[in-house]
Amino acid sequence: MFTIDFKDKLFVVTGGNRGIGLAISTAIAGAGGNLAILYRSSTNAEQVAADLASEHGISAKAYRCDVSVMKDVRQTIKAVVQDLGPIAGCVANAGVATVKPAIEIEDREEFDFMFGTNVLGVFNTAQTVARHWVETGYKNGSIVIISSMSSQIYNQVGLNEPLCHVFYNSSKAAVSSLGKNLAAEWSRYGIRVNMVSPGYVRTEQSGVHPEEARRFQAASVPLQRYSEPEEQTAQVILLLSEHASYQTGSEVFVDGGCLIY
Ligand code: NDP
């Protein structure tokens, strides 16, 4: 039997104010960890941080930061360390999704938006935190990247009807590869990098799909349903903790069995 105690440890969670990120922030706070929640534009983030702090007796603060802009990330992580102290772990969760048939895409705007957040945003976050660890000589850093089962497969919303997630799915394949490469490069600094790749999760991101599409998707899952955001947190918490001290470069699928083959 083991316990996870994050008391006096600080974790950065990008997109930690809603959806899967909020469930992760809540789980970290539940284990006693302090939180720096990075968000893009929502108005609820400061309240979320204040509520988690008072409910769990931890320190938590929200920072407005566009992870796709390196300068923004650098300034934010500097402020986080000044305000809350050294960072123990990082969850690069922030991501965006758009649905459009590939044949209709006009220019690179869609590509820049998706890859800018889902790939470059993860790199910007992970690299800035890794530099902080290298500079301070911290040897137990753990980075968890929230990728997706669509790093491996394309999704259908009906029989032979693709969801039209061309840049989303390819950005997730890219970020899973990015994470494995960072794991290989940064093992020399004692930094572990792992991916947690959800299947269908009930959040605002997946809520944009029509009811019929969601029913089809749920029926295609061996466990026959969408996941709740909270069901994605156990693997993240484990990978952040020292119980996973021998695990790096792995991609853990929390997908209700979608990738059974
Ligand atoms: P949501 O749309 O519910 O939340 C997205 C979060 O990311 C928000 O907190 C948002 O901030 C933040 N964010 C988006 N862009 C930026 C940016 N440029 N800079 C900083 N923060 C940003 O998403 P989910 O909770 O559904 O998804 C979380 C992660 O899980 C994503 O990476 C997603 O791709 C992945 N995933 C989701 C699945 C699902 O079915 N929902 C399935 C598989 C993977 P703000 O609130 O300010 O907009």
# chains A, B, ... in the order shown; residues from 1 in each chain; ligands from 1
$ residues_near_ligand --ligand "ligand 1" --cutoff "8 Å" --atoms "only C-alpha atoms and all ligand atoms" --output "ChimeraX atom specification"
/A:14-22,38-45,64-69,92-97,116-118,121,146-150,168,172,197-207,226-227,229
$ write_last_selection --atoms "N, CA and C atoms" --output "short mmCIF file (atom, residue, chain, number, x, y, z; two decimals), in the first residue's frame"
data_model
loop_
_atom_site.label_atom_id
_atom_site.label_comp_id
_atom_site.auth_asym_id
_atom_site.auth_seq_id
_atom_site.Cartn_x
_atom_site.Cartn_y
_atom_site.Cartn_z
N THR A 14 -1.32 23.65 -16.75
CA THR A 14 -1.83 24.55 -17.79
C THR A 14 -3.27 24.14 -18.12
N GLY A 15 -4.12 25.14 -18.32
CA GLY A 15 -5.54 24.84 -18.53
C GLY A 15 -6.15 24.17 -17.31
N GLY A 16 -5.63 24.55 -16.12
CA GLY A 16 -6.06 23.88 -14.90
C GLY A 16 -7.34 24.43 -14.30
N ASN A 17 -8.00 25.29 -15.02
CA ASN A 17 -9.20 25.96 -14.47
C ASN A 17 -10.51 25.32 -14.89
N ARG A 18 -10.48 24.42 -15.89
CA ARG A 18 -11.74 23.77 -16.27
C ARG A 18 -11.45 22.43 -16.95
N GLY A 19 -12.51 21.63 -17.13
CA GLY A 19 -12.38 20.35 -17.82
C GLY A 19 -11.42 19.39 -17.12
N ILE A 20 -10.64 18.68 -17.92
CA ILE A 20 -9.71 17.69 -17.38
C ILE A 20 -8.68 18.38 -16.48
N GLY A 21 -8.24 19.58 -16.89
CA GLY A 21 -7.25 20.31 -16.10
C GLY A 21 -7.75 20.64 -14.71
N LEU A 22 -9.01 21.01 -14.60
CA LEU A 22 -9.58 21.32 -13.28
C LEU A 22 -9.62 20.05 -12.42
N LEU A 38 -2.40 27.84 -14.96
CA LEU A 38 -2.26 28.74 -16.11
C LEU A 38 -3.49 28.61 -16.99
N TYR A 39 -4.01 29.75 -17.44
CA TYR A 39 -5.21 29.73 -18.28
C TYR A 39 -5.04 30.78 -19.37
N ARG A 40 -5.90 30.69 -20.38
CA ARG A 40 -5.75 31.61 -21.52
C ARG A 40 -6.63 32.83 -21.37
N SER A 41 -7.96 32.64 -21.16
CA SER A 41 -8.84 33.80 -21.18
C SER A 41 -10.09 33.66 -20.32
N SER A 42 -10.32 32.51 -19.70
CA SER A 42 -11.53 32.35 -18.89
C SER A 42 -11.56 33.34 -17.73
N THR A 43 -12.76 33.65 -17.29
CA THR A 43 -12.88 34.59 -16.16
C THR A 43 -12.99 33.86 -14.82
N ASN A 44 -13.03 32.52 -14.86
CA ASN A 44 -13.27 31.78 -13.60
C ASN A 44 -11.99 31.36 -12.88
N ALA A 45 -10.81 31.55 -13.52
CA ALA A 45 -9.60 30.89 -13.02
C ALA A 45 -9.18 31.36 -11.63
N ARG A 64 -2.77 34.27 -15.96
CA ARG A 64 -3.19 34.35 -17.35
C ARG A 64 -1.95 34.23 -18.24
N CYS A 65 -1.95 33.24 -19.13
CA CYS A 65 -0.74 32.98 -19.93
C CYS A 65 -1.13 32.22 -21.17
N ASP A 66 -0.76 32.73 -22.33
CA ASP A 66 -0.99 32.00 -23.57
C ASP A 66 0.21 31.09 -23.80
N VAL A 67 0.01 29.79 -23.63
CA VAL A 67 1.16 28.87 -23.69
C VAL A 67 1.80 28.80 -25.08
N SER A 68 1.07 29.27 -26.10
CA SER A 68 1.66 29.22 -27.45
C SER A 68 2.70 30.33 -27.66
N VAL A 69 2.81 31.26 -26.69
CA VAL A 69 3.76 32.37 -26.82
C VAL A 69 4.89 32.19 -25.80
N ALA A 92 1.24 19.59 -18.53
CA ALA A 92 0.98 20.37 -19.76
C ALA A 92 -0.31 19.84 -20.36
N ASN A 93 -1.40 20.44 -19.93
CA ASN A 93 -2.74 19.93 -20.26
C ASN A 93 -3.45 20.79 -21.30
N ALA A 94 -3.14 22.10 -21.35
CA ALA A 94 -3.90 23.02 -22.21
C ALA A 94 -3.91 22.52 -23.65
N GLY A 95 -5.10 22.51 -24.24
CA GLY A 95 -5.21 22.06 -25.63
C GLY A 95 -6.46 22.61 -26.26
N VAL A 96 -6.45 22.67 -27.58
CA VAL A 96 -7.62 23.16 -28.32
C VAL A 96 -7.98 22.15 -29.42
N ALA A 97 -9.24 22.21 -29.84
CA ALA A 97 -9.69 21.30 -30.91
C ALA A 97 -10.64 22.05 -31.83
N GLY A 116 0.12 25.40 -32.61
CA GLY A 116 0.68 26.43 -31.72
C GLY A 116 0.37 26.15 -30.27
N THR A 117 -0.84 25.67 -29.99
CA THR A 117 -1.21 25.36 -28.60
C THR A 117 -0.82 23.93 -28.24
N ASN A 118 -1.25 22.96 -29.06
CA ASN A 118 -1.14 21.55 -28.67
C ASN A 118 0.28 21.00 -28.73
N GLY A 121 2.86 24.89 -27.54
CA GLY A 121 2.47 25.29 -26.17
C GLY A 121 3.00 24.31 -25.14
N ILE A 146 -0.75 15.96 -21.39
CA ILE A 146 -2.04 15.37 -21.74
C ILE A 146 -2.14 15.36 -23.27
N SER A 147 -1.98 14.17 -23.83
CA SER A 147 -2.09 13.99 -25.28
C SER A 147 -3.51 13.51 -25.57
N SER A 148 -3.68 12.45 -26.32
CA SER A 148 -5.01 11.92 -26.63
C SER A 148 -4.85 10.56 -27.28
N MET A 149 -5.89 9.72 -27.13
CA MET A 149 -5.83 8.44 -27.86
C MET A 149 -5.77 8.70 -29.37
N SER A 150 -6.16 9.92 -29.78
CA SER A 150 -6.12 10.22 -31.22
C SER A 150 -4.69 10.49 -31.69
N TYR A 168 -6.06 18.37 -35.29
CA TYR A 168 -6.08 17.98 -33.87
C TYR A 168 -5.36 16.64 -33.71
N LYS A 172 -1.75 15.77 -31.85
CA LYS A 172 -1.61 14.87 -30.71
C LYS A 172 -0.56 13.79 -31.00
N SER A 197 -2.98 9.83 -22.16
CA SER A 197 -3.78 10.04 -23.37
C SER A 197 -5.22 9.59 -23.15
N PRO A 198 -6.11 10.56 -22.93
CA PRO A 198 -7.51 10.20 -22.68
C PRO A 198 -8.22 9.74 -23.95
N GLY A 199 -9.30 8.98 -23.72
CA GLY A 199 -10.27 8.73 -24.79
C GLY A 199 -11.30 9.83 -24.76
N TYR A 200 -12.57 9.49 -24.91
CA TYR A 200 -13.63 10.51 -24.91
C TYR A 200 -13.94 10.95 -23.48
N VAL A 201 -13.84 12.24 -23.23
CA VAL A 201 -14.07 12.76 -21.88
C VAL A 201 -15.14 13.85 -21.94
N ARG A 202 -16.03 13.82 -20.96
CA ARG A 202 -17.15 14.78 -20.95
C ARG A 202 -16.65 16.16 -20.46
N THR A 203 -16.32 17.04 -21.42
CA THR A 203 -15.87 18.41 -21.10
C THR A 203 -16.45 19.35 -22.15
N GLU A 204 -16.14 20.65 -22.00
CA GLU A 204 -16.61 21.62 -23.01
C GLU A 204 -16.05 21.29 -24.39
N GLN A 205 -14.79 20.79 -24.43
CA GLN A 205 -14.17 20.50 -25.72
C GLN A 205 -14.97 19.44 -26.49
N SER A 206 -15.36 18.37 -25.80
CA SER A 206 -16.10 17.31 -26.48
C SER A 206 -17.58 17.66 -26.59
N GLY A 207 -18.03 18.62 -25.78
CA GLY A 207 -19.44 19.01 -25.78
C GLY A 207 -19.89 19.67 -27.08
N TYR A 226 -18.61 7.73 -22.19
CA TYR A 226 -17.57 8.74 -22.03
C TYR A 226 -16.96 8.62 -20.64
N SER A 227 -15.75 9.15 -20.50
CA SER A 227 -15.11 9.24 -19.18
C SER A 227 -15.51 10.57 -18.54
N PRO A 229 -14.12 13.73 -16.27
CA PRO A 229 -12.76 14.30 -16.14
C PRO A 229 -11.98 13.70 -14.96
#
$ select_by_dssp --residues "segment 26-166 of chain A" --states "strand (DSSP E or B)" --output "PDB file with N, CA and C atoms, in the first residue's frame"
ATOM      1  N   ASN A  34       0.533  22.340  -3.706  1.00  0.00           N
ATOM      2  CA  ASN A  34       0.234  23.730  -4.067  1.00  0.00           C
ATOM      3  C   ASN A  34       0.126  23.845  -5.582  1.00  0.00           C
ATOM      4  N   LEU A  35      -0.575  24.881  -6.040  1.00  0.00           N
ATOM      5  CA  LEU A  35      -0.917  24.954  -7.469  1.00  0.00           C
ATOM      6  C   LEU A  35      -0.649  26.306  -8.098  1.00  0.00           C
ATOM      7  N   ALA A  36      -0.064  26.276  -9.313  1.00  0.00           N
ATOM      8  CA  ALA A  36      -0.057  27.436 -10.198  1.00  0.00           C
ATOM      9  C   ALA A  36      -0.888  27.036 -11.408  1.00  0.00           C
ATOM     10  N   ILE A  37      -2.045  27.661 -11.554  1.00  0.00           N
ATOM     11  CA  ILE A  37      -2.962  27.314 -12.648  1.00  0.00           C
ATOM     12  C   ILE A  37      -2.792  28.330 -13.773  1.00  0.00           C
ATOM     13  N   LEU A  38      -2.399  27.841 -14.958  1.00  0.00           N
ATOM     14  CA  LEU A  38      -2.257  28.736 -16.109  1.00  0.00           C
ATOM     15  C   LEU A  38      -3.490  28.613 -16.995  1.00  0.00           C
ATOM     16  N   TYR A  39      -4.012  29.751 -17.436  1.00  0.00           N
ATOM     17  CA  TYR A  39      -5.206  29.729 -18.283  1.00  0.00           C
ATOM     18  C   TYR A  39      -5.036  30.777 -19.372  1.00  0.00           C
ATOM     19  N   ALA A  60      -2.630  28.397  -3.805  1.00  0.00           N
ATOM     20  CA  ALA A  60      -2.986  28.252  -5.228  1.00  0.00           C
ATOM     21  C   ALA A  60      -3.181  29.635  -5.828  1.00  0.00           C
ATOM     22  N   LYS A  61      -2.670  29.794  -7.064  1.00  0.00           N
ATOM     23  CA  LYS A  61      -2.785  31.093  -7.717  1.00  0.00           C
ATOM     24  C   LYS A  61      -2.988  30.842  -9.212  1.00  0.00           C
ATOM     25  N   ALA A  62      -3.790  31.697  -9.831  1.00  0.00           N
ATOM     26  CA  ALA A  62      -4.034  31.569 -11.279  1.00  0.00           C
ATOM     27  C   ALA A  62      -3.228  32.616 -12.028  1.00  0.00           C
ATOM     28  N   TYR A  63      -2.709  32.231 -13.190  1.00  0.00           N
ATOM     29  CA  TYR A  63      -1.907  33.127 -14.023  1.00  0.00           C
ATOM     30  C   TYR A  63      -2.442  33.100 -15.441  1.00  0.00           C
ATOM     31  N   ARG A  64      -2.767  34.268 -15.958  1.00  0.00           N
ATOM     32  CA  ARG A  64      -3.186  34.351 -17.353  1.00  0.00           C
ATOM     33  C   ARG A  64      -1.946  34.228 -18.235  1.00  0.00           C
ATOM     34  N   GLY A  89       6.574  19.755 -10.131  1.00  0.00           N
ATOM     35  CA  GLY A  89       6.022  18.985 -11.247  1.00  0.00           C
ATOM     36  C   GLY A  89       5.155  19.854 -12.126  1.00  0.00           C
ATOM     37  N   CYS A  90       4.893  19.365 -13.329  1.00  0.00           N
ATOM     38  CA  CYS A  90       4.174  20.183 -14.304  1.00  0.00           C
ATOM     39  C   CYS A  90       3.237  19.308 -15.132  1.00  0.00           C
ATOM     40  N   VAL A  91       2.016  19.763 -15.301  1.00  0.00           N
ATOM     41  CA  VAL A  91       1.073  19.060 -16.175  1.00  0.00           C
ATOM     42  C   VAL A  91       0.757  19.974 -17.357  1.00  0.00           C
ATOM     43  N   ALA A  92       1.241  19.594 -18.534  1.00  0.00           N
ATOM     44  CA  ALA A  92       0.980  20.374 -19.758  1.00  0.00           C
ATOM     45  C   ALA A  92      -0.312  19.842 -20.362  1.00  0.00           C
ATOM     46  N   SER A 142       9.044  16.014 -12.712  1.00  0.00           N
ATOM     47  CA  SER A 142       8.167  15.157 -13.516  1.00  0.00           C
ATOM     48  C   SER A 142       7.230  16.029 -14.339  1.00  0.00           C
ATOM     49  N   ILE A 143       7.199  15.767 -15.630  1.00  0.00           N
ATOM     50  CA  ILE A 143       6.294  16.486 -16.530  1.00  0.00           C
ATOM     51  C   ILE A 143       5.298  15.471 -17.098  1.00  0.00           C
ATOM     52  N   VAL A 144       4.013  15.783 -16.995  1.00  0.00           N
ATOM     53  CA  VAL A 144       2.994  14.933 -17.607  1.00  0.00           C
ATOM     54  C   VAL A 144       2.302  15.744 -18.699  1.00  0.00           C
ATOM     55  N   ILE A 145       2.293  15.195 -19.888  1.00  0.00           N
ATOM     56  CA  ILE A 145       1.653  15.851 -21.031  1.00  0.00           C
ATOM     57  C   ILE A 145       0.306  15.168 -21.279  1.00  0.00           C
ATOM     58  N   ILE A 146      -0.750  15.961 -21.387  1.00  0.00           N
ATOM     59  CA  ILE A 146      -2.043  15.366 -21.739  1.00  0.00           C
ATOM     60  C   ILE A 146      -2.144  15.358 -23.265  1.00  0.00           C
ATOM     61  N   GLN A 156     -14.414   8.412 -35.307  1.00  0.00           N
ATOM     62  CA  GLN A 156     -15.609   8.437 -36.155  1.00  0.00           C
ATOM     63  C   GLN A 156     -16.791   9.002 -35.379  1.00  0.00           C
ATOM     64  N   VAL A 157     -17.700   9.633 -36.107  1.00  0.00           N
ATOM     65  CA  VAL A 157     -18.937  10.089 -35.470  1.00  0.00           C
ATOM     66  C   VAL A 157     -20.133   9.354 -36.060  1.00  0.00           C
ATOM     67  N   GLY A 158     -19.884   8.380 -36.896  1.00  0.00           N
ATOM     68  CA  GLY A 158     -20.893   7.541 -37.516  1.00  0.00           C
ATOM     69  C   GLY A 158     -20.118   6.511 -38.310  1.00  0.00           C
ATOM     70  N   GLU A 161     -17.784   7.625 -40.972  1.00  0.00           N
ATOM     71  CA  GLU A 161     -17.851   9.093 -40.941  1.00  0.00           C
ATOM     72  C   GLU A 161     -16.796   9.638 -39.991  1.00  0.00           C
ATOM     73  N   PRO A 162     -15.672  10.100 -40.552  1.00  0.00           N
ATOM     74  CA  PRO A 162     -14.620  10.626 -39.665  1.00  0.00           C
ATOM     75  C   PRO A 162     -15.066  11.915 -38.980  1.00  0.00           C
TER      76      PRO A 162
END
$ closest_residue --among "A:Ile191, A:Phe253, A:Leu52, A:Glu228" --to "Trp133 of chain A" --atoms "only C-alpha atoms"
A:Ile191
$ atom_distance --atom1 "atom CA of Glu251 of chain A" --atom2 "atom CA of Met195 of chain A"
4.5 Å
$ closest_residue --among "A:Thr136, A:Thr98, A:Asn194, A:Thr26" --to "Leu239 of chain A" --atoms "only C-alpha atoms"
A:Asn194
$ closest_residue --among "A:Glu106, A:Glu46, A:Asp51, A:Asp255" --to "Glu231 of chain A" --atoms "only C-alpha atoms"
A:Asp255
$ residues_around --residues "Ala174 of chain A" --least-positions-apart "3" --cutoff "10 Å" --atoms "only C-alpha atoms" --output "PyMOL selection string"
chain A and resi 115+118-120+147+151+168-171+177-179
$ closest_residue --among "A:Leu259, A:Val252, A:Ile87, A:Ala102" --to "Pro222 of chain A" --atoms "only C-alpha atoms"
A:Leu259
$ atom_distance --atom1 "atom CA of Val73 of chain A" --atom2 "atom CA of Asn181 of chain A"
20.8 Å
$ closest_residue --among "A:Val221, A:Leu240, A:Ala53, A:Ala234" --to "Ala27 of chain A" --atoms "only C-alpha atoms"
A:Ala234
$ decode --residues "segment 1-33 of chain A" --atoms "C-alpha atoms" --output "PDB file, in the first residue's frame"
ATOM      1  CA  MET A   1       0.000   0.000   0.000  1.00  0.00           C
ATOM      2  CA  PHE A   2       1.380   3.442  -0.825  1.00  0.00           C
ATOM      3  CA  THR A   3       0.172   6.964  -0.235  1.00  0.00           C
ATOM      4  CA  ILE A   4       0.727  10.118  -2.220  1.00  0.00           C
ATOM      5  CA  ASP A   5       1.601  13.202  -0.226  1.00  0.00           C
ATOM      6  CA  PHE A   6       2.270  16.389  -2.203  1.00  0.00           C
ATOM      7  CA  LYS A   7       2.425  18.635   0.877  1.00  0.00           C
ATOM      8  CA  ASP A   8       4.704  21.684   0.298  1.00  0.00           C
ATOM      9  CA  LYS A   9       5.235  20.719  -3.346  1.00  0.00           C
ATOM     10  CA  LEU A  10       4.245  23.083  -6.145  1.00  0.00           C
ATOM     11  CA  PHE A  11       2.676  21.923  -9.414  1.00  0.00           C
ATOM     12  CA  VAL A  12       2.018  23.920 -12.570  1.00  0.00           C
ATOM     13  CA  VAL A  13      -1.152  22.886 -14.428  1.00  0.00           C
ATOM     14  CA  THR A  14      -1.830  24.553 -17.786  1.00  0.00           C
ATOM     15  CA  GLY A  15      -5.541  24.839 -18.531  1.00  0.00           C
ATOM     16  CA  GLY A  16      -6.059  23.877 -14.897  1.00  0.00           C
ATOM     17  CA  ASN A  17      -9.201  25.957 -14.468  1.00  0.00           C
ATOM     18  CA  ARG A  18     -11.738  23.767 -16.274  1.00  0.00           C
ATOM     19  CA  GLY A  19     -12.383  20.353 -17.824  1.00  0.00           C
ATOM     20  CA  ILE A  20      -9.706  17.687 -17.381  1.00  0.00           C
ATOM     21  CA  GLY A  21      -7.246  20.309 -16.104  1.00  0.00           C
ATOM     22  CA  LEU A  22      -9.582  21.321 -13.281  1.00  0.00           C
ATOM     23  CA  ALA A  23     -10.009  17.671 -12.257  1.00  0.00           C
ATOM     24  CA  ILE A  24      -6.193  17.363 -12.183  1.00  0.00           C
ATOM     25  CA  SER A  25      -5.819  20.587 -10.149  1.00  0.00           C
ATOM     26  CA  THR A  26      -8.424  19.297  -7.693  1.00  0.00           C
ATOM     27  CA  ALA A  27      -6.677  15.920  -7.344  1.00  0.00           C
ATOM     28  CA  ILE A  28      -3.300  17.604  -6.726  1.00  0.00           C
ATOM     29  CA  ALA A  29      -4.876  19.886  -4.113  1.00  0.00           C
ATOM     30  CA  GLY A  30      -6.538  16.821  -2.536  1.00  0.00           C
ATOM     31  CA  ALA A  31      -3.072  15.277  -2.126  1.00  0.00           C
ATOM     32  CA  GLY A  32      -1.895  18.484  -0.398  1.00  0.00           C
ATOM     33  CA  GLY A  33       0.017  20.004  -3.341  1.00  0.00           C
TER      34      GLY A  33
END
